[in-house]
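Asker: Before we start, here is the structure in question, set down as structure tokens.
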Amino acid sequence: MVADAVIYHPTVAHYLKFVSTTVGRDKLLRTVQYFSRFYAWYLLRTNGTKGEVAPFEALKKQLGLARKLLRVGKNVEHVKAAATAADSARAAVADPVLQYAAVGRQLGYAGYLTLDAATVLDALGVRAWSGAKRAQREAYRFWAAGILCSVVAQAYTLYRLREREARVDKKEGEGVVESKRIALERAASRLQLLSDLCDLTVPTSALGWVGFDDGFVGLAGTVSSLIGVYTQWKKTA
């Protein structure tokens, strides 16, 4: 009876639906990967032994490689999304700032994933490539550009939400409903902005644009990964 209650619980069904998605599995792996990066740094800073640090360094490396393999081919999805956003921008069916930011974001991610995929064989040790490091650096540049476009979009969205809120008459029934809708949109935009800012630490530190250490980057990556898990969990509800 107890076993049946657990097995057929709605949460178990939700979990199975969540892990059946590539995004869901990737976010879980990413959470472990970046926490391992943070914890390996923490152990080194607190005089941890090589034996204590090694498992987390291995997790960071192996999960990073696994996620690289899972990303192969995903660039096509972002190229299509960029084309769709560009068509919408030309048709003027939405705010042009958001549409062009969406095009920039998708092209940035597409460039990142294309160059990242080009380094897979080198990363696996199947075929060495002298240009792998340069390609990975360029991939990080595209990723940073894509994230920056997303940051602009979220900042602009928050600005427009403030403008909408200023025009709302909260004394009327429709105004109350609109105010609640704005609050939900603002919360989602702030959450995405936080995730983007956390993600931005990864390529900017890899490129040497900022001096963040592995502990800061690992912690920021863990936060953005948990936000991704939360978002995907809601989508699969």
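Identifiers for the structure tokens are assigned positionally: chains receive A, B, ... in sequence, residues are indexed from 1 per chain, and ligands are indexed from 1 in the order shown.
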May I have all residues of region 18-140 of chain A that DSSP, computed from the backbone, assigns to alpha helix (DSSP H), given as an MDAnalysis selection string?
Answerer: chainID A and resid 18:19 22:45 50:71 75:91 96:118 120:124 132:140
Asker: What's around Thr119 (chain A) at 9 Å? Count only C-alpha atoms, leave out sequence neighbours fewer than 5 positions away in its own chain, and write the answer as a PDB file with C-alpha atoms, in the first residue's frame.
Answerer:
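So part_6.pdb came out as:
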```pdb
ATOM      1  CA  LEU A 124      36.914  13.400 -26.516  1.00  0.00           C
ATOM      2  CA  TRP A 129      42.821  19.730 -33.473  1.00  0.00           C
ATOM      3  CA  GLY A 131      42.505  25.158 -33.459  1.00  0.00           C
ATOM      4  CA  ALA A 132      40.271  23.744 -30.713  1.00  0.00           C
ATOM      5  CA  LYS A 133      41.295  26.283 -28.061  1.00  0.00           C
ATOM      6  CA  ALA A 135      37.393  27.847 -31.505  1.00  0.00           C
ATOM      7  CA  GLN A 136      36.339  27.450 -27.866  1.00  0.00           C
TER       8      GLN A 136
END
```
Asker: Quick one: of A:Ala86, A:Ala66, A:Leu226, A:Val97, who's nearest to Ala153 (chain A), counting only C-alpha atoms?
Answerer: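 Selected residue with least distance to Ala153 (chain A): A:Val97.
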Asker: Give me the residues near Val79 (chain A) as a PyMOL selection string, where near means some atom within 10 Å (using only C-alpha atoms) and where sequence neighbours in that chain fewer than 6 positions away do not count.
Answerer: chain A and resi 85+103+106-111
Asker: Quick one, how far is CA of Arg37 (chain A) from CA of Leu219 (chain A)?
Answerer: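 If I compute the distance from CA of Arg37 (chain A) to CA of Leu219 (chain A), I get 8.1 Å.
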